[in-house]
Structures are given as structure tokens and as C-alpha cells.
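Q: The structure is given below, and queries will be raised subsequently.
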Amino acid sequence: MSSTKKRNFSTVLQADVPRGRNGKHRQIVKDILEQLAELKDGAALKVPLKEIDAKEKIRSALNRASRKAKIVTATAADSEFLYIWNAKDAG
């Protein structure tokens, strides 16, 4: 007859349980959105690609966050920089 070993899991207070999605790009996207809020018309943020993980992933994370915040943004990139600016609402 096989015996079943009882597992003993640790406990944590519910207040200490992480909630929501805090992806690894959260901080850079937060920083970008804060700077976009202060950006003058006609200006763009210039983010060095060597300082970010992958521009496609940052663009995706920024797109999700900006839509959630109802901010219309646009991006462009060259071999060294990702450019981000406030775009006019198309609707």
C-alpha cells in the first residue's frame, strides 16, 4: 500500500499577495507615460535602444498602458533610438 505524503505549504498574509499585472516593462512604461504628460507639443521622447529590453516589447507594453490611460501615442525608431510622442486623437 502506498502512503500519501502530506505537503506543508507556507502561508502569507493576503495583504502581501501580489495583485494585478506588473510586467517587467512596468517601470520604463510608467516613466515614459509620466514624461509624455509633461512633453510640449511637437516634441518627442528619445529613448536609447541600448537601455531597453526590446523595442517591440516596450512598444506593446506602452500601447496597452496608453490605451488603458486613454492617451494616444505614436512611435518611430531608427537603429539607435525609440522615439515616442503624443499623437492627436484620430476620433
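Residue numbers start at 1 in each chain; chains themselves are named A, B, ... in the order of the C-alpha cells; ligands are numbered from 1 in the order shown.
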Neighbours of A:Ile71 within 10 Å (only C-alpha atoms; same-chain residues fewer than 3 positions away dropped), as an mmCIF file with C-alpha atoms, in the first residue's frame?
A:
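The resulting file, result15.cif, is reproduced below:
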data_model
loop_
_atom_site.group_PDB
_atom_site.id
_atom_site.type_symbol
_atom_site.label_atom_id
_atom_site.label_comp_id
_atom_site.auth_asym_id
_atom_site.auth_seq_id
_atom_site.Cartn_x
_atom_site.Cartn_y
_atom_site.Cartn_z
ATOM 1 C CA LEU A 33 3.961 57.995 -19.666
ATOM 2 C CA LEU A 36 4.774 62.243 -22.109
ATOM 3 C CA ALA A 37 2.374 64.066 -19.783
ATOM 4 C CA ASN A 63 0.382 50.561 -26.248
ATOM 5 C CA ALA A 65 -0.800 51.150 -20.873
ATOM 6 C CA SER A 66 -1.572 54.201 -23.011
ATOM 7 C CA ARG A 67 -4.883 52.748 -24.216
ATOM 8 C CA LYS A 68 -5.820 51.992 -20.626
ATOM 9 C CA ASN A 86 1.742 62.352 -28.020
ATOM 10 C CA ALA A 87 -0.391 61.919 -31.103
ATOM 11 C CA LYS A 88 -3.584 63.737 -31.901
ATOM 12 C CA ASP A 89 -6.713 61.690 -31.268
#
Q: Could you tell me, as a PyMOL selection string, which residues of chain A DSSP assigns to strand (DSSP E or B) when given the backbone?
A: chain A and resi 45-48+73-77+81-86
Q: Using only C-alpha atoms, which of the listed residues (A:Asp31, A:Asn22, A:Ala61, A:Ala69) sits closest to A:Val47?
A: A:Asp31
Q: Residues of chain A in helix (DSSP H, G or I) according to DSSP, as a ChimeraX atom specification?
A: /A:14-16,26-38,49-51,55-68
Q: Generate a file of the selected residues that holds N, CA and C atoms, formatted as an mmCIF file, in the first residue's frame.
A:
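File produced: result.cif:
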data_model
loop_
_atom_site.group_PDB
_atom_site.id
_atom_site.type_symbol
_atom_site.label_atom_id
_atom_site.label_comp_id
_atom_site.auth_asym_id
_atom_site.auth_seq_id
_atom_site.Cartn_x
_atom_site.Cartn_y
_atom_site.Cartn_z
ATOM 1 N N GLN A 14 -2.848 37.854 3.185
ATOM 2 C CA GLN A 14 -3.468 38.211 1.908
ATOM 3 C C GLN A 14 -3.034 39.597 1.444
ATOM 4 N N ALA A 15 -2.771 40.480 2.377
ATOM 5 C CA ALA A 15 -2.338 41.839 2.020
ATOM 6 C C ALA A 15 -0.986 41.824 1.313
ATOM 7 N N ASP A 16 -0.203 40.758 1.516
ATOM 8 C CA ASP A 16 1.116 40.653 0.890
ATOM 9 C C ASP A 16 1.108 39.898 -0.430
ATOM 10 N N ARG A 26 7.089 47.410 -16.688
ATOM 11 C CA ARG A 26 6.194 48.344 -15.997
ATOM 12 C C ARG A 26 6.873 49.674 -15.670
ATOM 13 N N GLN A 27 8.076 49.629 -15.122
ATOM 14 C CA GLN A 27 8.734 50.858 -14.680
ATOM 15 C C GLN A 27 9.094 51.764 -15.856
ATOM 16 N N ILE A 28 9.638 51.213 -16.925
ATOM 17 C CA ILE A 28 10.005 52.068 -18.056
ATOM 18 C C ILE A 28 8.767 52.661 -18.716
ATOM 19 N N VAL A 29 7.698 51.883 -18.811
ATOM 20 C CA VAL A 29 6.451 52.398 -19.388
ATOM 21 C C VAL A 29 5.878 53.490 -18.498
ATOM 22 N N LYS A 30 5.923 53.292 -17.197
ATOM 23 C CA LYS A 30 5.455 54.319 -16.251
ATOM 24 C C LYS A 30 6.257 55.604 -16.425
ATOM 25 N N ASP A 31 7.578 55.472 -16.529
ATOM 26 C CA ASP A 31 8.445 56.634 -16.715
ATOM 27 C C ASP A 31 8.135 57.352 -18.030
ATOM 28 N N ILE A 32 7.930 56.591 -19.092
ATOM 29 C CA ILE A 32 7.613 57.179 -20.396
ATOM 30 C C ILE A 32 6.294 57.939 -20.330
ATOM 31 N N LEU A 33 5.263 57.330 -19.746
ATOM 32 C CA LEU A 33 3.961 57.995 -19.666
ATOM 33 C C LEU A 33 4.030 59.267 -18.833
ATOM 34 N N GLU A 34 4.809 59.249 -17.756
ATOM 35 C CA GLU A 34 4.970 60.455 -16.936
ATOM 36 C C GLU A 34 5.647 61.570 -17.723
ATOM 37 N N GLN A 35 6.663 61.216 -18.497
ATOM 38 C CA GLN A 35 7.354 62.232 -19.292
ATOM 39 C C GLN A 35 6.499 62.715 -20.460
ATOM 40 N N LEU A 36 5.683 61.831 -21.033
ATOM 41 C CA LEU A 36 4.774 62.243 -22.109
ATOM 42 C C LEU A 36 3.766 63.271 -21.609
ATOM 43 N N ALA A 37 3.342 63.133 -20.360
ATOM 44 C CA ALA A 37 2.374 64.066 -19.783
ATOM 45 C C ALA A 37 2.948 65.479 -19.697
ATOM 46 N N GLU A 38 4.256 65.581 -19.594
ATOM 47 C CA GLU A 38 4.918 66.883 -19.474
ATOM 48 C C GLU A 38 5.505 67.371 -20.799
ATOM 49 N N LEU A 49 17.960 52.666 -27.537
ATOM 50 C CA LEU A 49 17.602 51.243 -27.619
ATOM 51 C C LEU A 49 18.484 50.384 -26.722
ATOM 52 N N LYS A 50 19.716 50.815 -26.474
ATOM 53 C CA LYS A 50 20.608 50.017 -25.620
ATOM 54 C C LYS A 50 20.157 50.009 -24.162
ATOM 55 N N GLU A 51 19.236 50.908 -23.801
ATOM 56 C CA GLU A 51 18.741 50.973 -22.424
ATOM 57 C C GLU A 51 17.441 50.198 -22.211
ATOM 58 N N LYS A 55 12.631 46.816 -28.363
ATOM 59 C CA LYS A 55 11.714 47.898 -28.685
ATOM 60 C C LYS A 55 10.300 47.397 -28.971
ATOM 61 N N GLU A 56 10.171 46.213 -29.556
ATOM 62 C CA GLU A 56 8.835 45.682 -29.844
ATOM 63 C C GLU A 56 8.065 45.422 -28.563
ATOM 64 N N LYS A 57 8.748 44.900 -27.560
ATOM 65 C CA LYS A 57 8.085 44.603 -26.286
ATOM 66 C C LYS A 57 7.721 45.882 -25.546
ATOM 67 N N ILE A 58 8.593 46.883 -25.612
ATOM 68 C CA ILE A 58 8.294 48.165 -24.982
ATOM 69 C C ILE A 58 7.128 48.832 -25.703
ATOM 70 N N ARG A 59 7.121 48.785 -27.025
ATOM 71 C CA ARG A 59 6.003 49.356 -27.794
ATOM 72 C C ARG A 59 4.687 48.687 -27.416
ATOM 73 N N SER A 60 4.695 47.384 -27.300
ATOM 74 C CA SER A 60 3.474 46.656 -26.932
ATOM 75 C C SER A 60 2.999 47.031 -25.535
ATOM 76 N N ALA A 61 3.919 47.049 -24.596
ATOM 77 C CA ALA A 61 3.565 47.403 -23.217
ATOM 78 C C ALA A 61 3.081 48.850 -23.143
ATOM 79 N N LEU A 62 3.733 49.739 -23.877
ATOM 80 C CA LEU A 62 3.323 51.135 -23.909
ATOM 81 C C LEU A 62 1.939 51.276 -24.539
ATOM 82 N N ASN A 63 1.684 50.526 -25.587
ATOM 83 C CA ASN A 63 0.382 50.561 -26.248
ATOM 84 C C ASN A 63 -0.729 50.134 -25.293
ATOM 85 N N ARG A 64 -0.504 49.053 -24.560
ATOM 86 C CA ARG A 64 -1.516 48.588 -23.597
ATOM 87 C C ARG A 64 -1.759 49.636 -22.514
ATOM 88 N N ALA A 65 -0.680 50.179 -21.966
ATOM 89 C CA ALA A 65 -0.800 51.150 -20.873
ATOM 90 C C ALA A 65 -1.416 52.465 -21.351
ATOM 91 N N SER A 66 -1.038 52.924 -22.519
ATOM 92 C CA SER A 66 -1.572 54.201 -23.011
ATOM 93 C C SER A 66 -3.045 54.079 -23.376
ATOM 94 N N ARG A 67 -3.453 52.955 -23.935
ATOM 95 C CA ARG A 67 -4.883 52.748 -24.216
ATOM 96 C C ARG A 67 -5.682 52.725 -22.928
ATOM 97 N N LYS A 68 -5.145 52.062 -21.920
ATOM 98 C CA LYS A 68 -5.820 51.992 -20.626
ATOM 99 C C LYS A 68 -5.967 53.388 -20.016
#
Q: Residues at most 7 Å from A:Thr75, counting only C-alpha atoms, excluding those fewer than 2 positions away in the same chain, as a ChimeraX atom specification?
A: /A:73,77,83-85
